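K.L.:
Starting off with a structure, shown below.
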Amino acid sequence: MPDGYKFSYAAAAMASLKQLPDPAKLIFLELQPEFTANPRKYPERMTTIDEEAGIYMYQHPRPNLQITYKIDEKNKCVDFRHFVLANFSVKETLFISYSHADADWLQKIKKFLSNLEQQGVVKILDDEQLQAGEEWRPQIVALLDSAKAAMLLVSQDFLASKFIRESELPVLLKEAQAKGKKIFWVHIKPSTVFDDCPQITAFQSPQKDPKTPLSRLSEPEQDAALVEISRTLSSAISLH
């Protein structure tokens, strides 16, 4: 149609489309004419990934098919970037947001939460689940959207992270307000969170004394605190 858009596929889109099960492929084939007629037809299903670059993610309600695409207004083209059929249940996932400078703390905390995964209480998600060779931003958005709850590992590196500040945290805060997504936070290293970030400290911390960062405790005290955090999360998340 003359006022419609052309379409194209990035290499990652072609690869991920081939991996979809046939029913999901059929859903996309039904949607494609709608995308090329009006790529903004379903604003309530769209998440902005990069407004300046015109990159968005569409989320289909059933099945949970997520389509990342770029709208090129100059050339009137929809460029499909990535497809994924999210197979995590919203009721079983806890997303951990952290600074890569604190990767050692991520591993330590995941070790103490592993019992919750083994018991089937929760599935832990973080950016270690990203697929190599694919665009990471759409995958992060998918992980954030899929999680029933989130836990923030707060340090000064966390607070200073541009990506966390501009991409992860706004999405989590919005979904906490709009969808009731549960947000928890753990103070892992000294930071200005109590001075500068009331939007974080307003949420519950499973930490007995969040004003004392875990890094200031002795190793046995850290272990005891992490055991308590695991127990508190098991009760507080109430995923089942």
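All residue names refer to the structure tokens as shown: chains lettered A, B, ... in order, residues numbered from 1 in each chain, ligands numbered from 1 in order.
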Using DSSP on the backbone, list every residue of region 34-181 of chain A that comes out as strand (DSSP E or B), and give them as number ranges by chain.
P.N.:
A: 46-50, 55-59, 65-72, 77-85, 93-97, 123-125, 149-154
K.L.:
Find the residues around Ser155 (chain A) up to 7 Å (only C-alpha atoms counted), leave out those fewer than 3 positions away in its own chain, and share them as an NGL selection string.
P.N.:
:A and (158-159 or 187-191)
K.L.:
Measuring atom to atom with only C-alpha atoms, identify which of A:Phe203, A:Tyr58, A:Tyr98, A:Trp105 is nearest to Asp157 (chain A).
P.N.:
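Comparing A:Phe203, A:Tyr58, A:Tyr98, A:Trp105 against Asp157 (chain A), the winner is A:Tyr98.
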K.L.:
Hey, what's within 6 Å of region 45-57 of chain A if we count only C-alpha atoms and toss same-chain stuff fewer than 3 positions away? As a PDB file with C-alpha atoms, in the first residue's frame, please?
P.N.:
ATOM      1  CA  TYR A  42      -0.488  -1.077  19.232  1.00  0.00           C
ATOM      2  CA  ILE A  67       9.658  -8.458  18.426  1.00  0.00           C
ATOM      3  CA  THR A  68      12.360  -5.808  18.377  1.00  0.00           C
ATOM      4  CA  TYR A  69      12.339  -3.498  15.365  1.00  0.00           C
ATOM      5  CA  LYS A  70      13.539  -0.133  14.107  1.00  0.00           C
ATOM      6  CA  ILE A  71      11.219   2.378  12.458  1.00  0.00           C
TER       7      ILE A  71
END
K.L.:
Considering only C-alpha atoms, can you say which of A:Phe95, A:Lys6, A:Gln59, A:Lys108 comes closest to Glu219 (chain A)?
P.N.:
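Looking only at the distances to Glu219 (chain A), the closest residue turns out to be A:Lys108.
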K.L.:
So how far away is CA of Leu94 (chain A) from CA of Thr232 (chain A), in Å?
P.N.:
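Separation between CA of Thr232 (chain A) and CA of Leu94 (chain A): 13.8 Å.
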K.L.:
Mind dumping a table of every region 51-116 of chain A residue within 8 Å of region 24-36 of chain A, with the nearest atom pair and its distance in Å to one decimal, using only C-alpha atoms, sorted by chain and rising number, as CSV?
P.N.:
residue,atom,partner,partner_atom,distance
A:Pro63,CA,A:Ala24,CA,7.1
A:Leu65,CA,A:Ala24,CA,7.0
A:Cys77,CA,A:Thr36,CA,7.8
A:Val78,CA,A:Thr36,CA,6.6
A:Leu85,CA,A:Ala24,CA,7.5
K.L.:
Just how far from CA of Gly4 (chain A) is CA of Phe80 (chain A), in Å to one decimal?
P.N.:
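So the answer is 15.4 Å.
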K.L.:
When you count only C-alpha atoms, which of these residues is closest to Gln207 (chain A): A:Asp223, A:Glu44, A:Glu117, A:Asp102?
P.N.:
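Residue with the minimum atom-to-atom distance to Gln207 (chain A): A:Asp223.
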K.L.:
Tell me which protein, DNA and RNA residues are within 12 Å of Lys110 (chain A), counting only C-alpha atoms, leaving out same-chain ones fewer than 6 positions away, and put them as number ranges by chain.
P.N.:
A: 94-96, 103-104, 116-118, 122-126, 128, 151, 153, 226-227, 229-230
K.L.:
Out of region 1-210 of chain A, which residues get alpha helix (DSSP H) from DSSP, as a VMD selection string?
P.N.:
chain A and resid 11 to 19 22 to 37 103 to 118 136 to 146 156 to 160 162 to 163 169 to 179 193 to 196 198 to 201
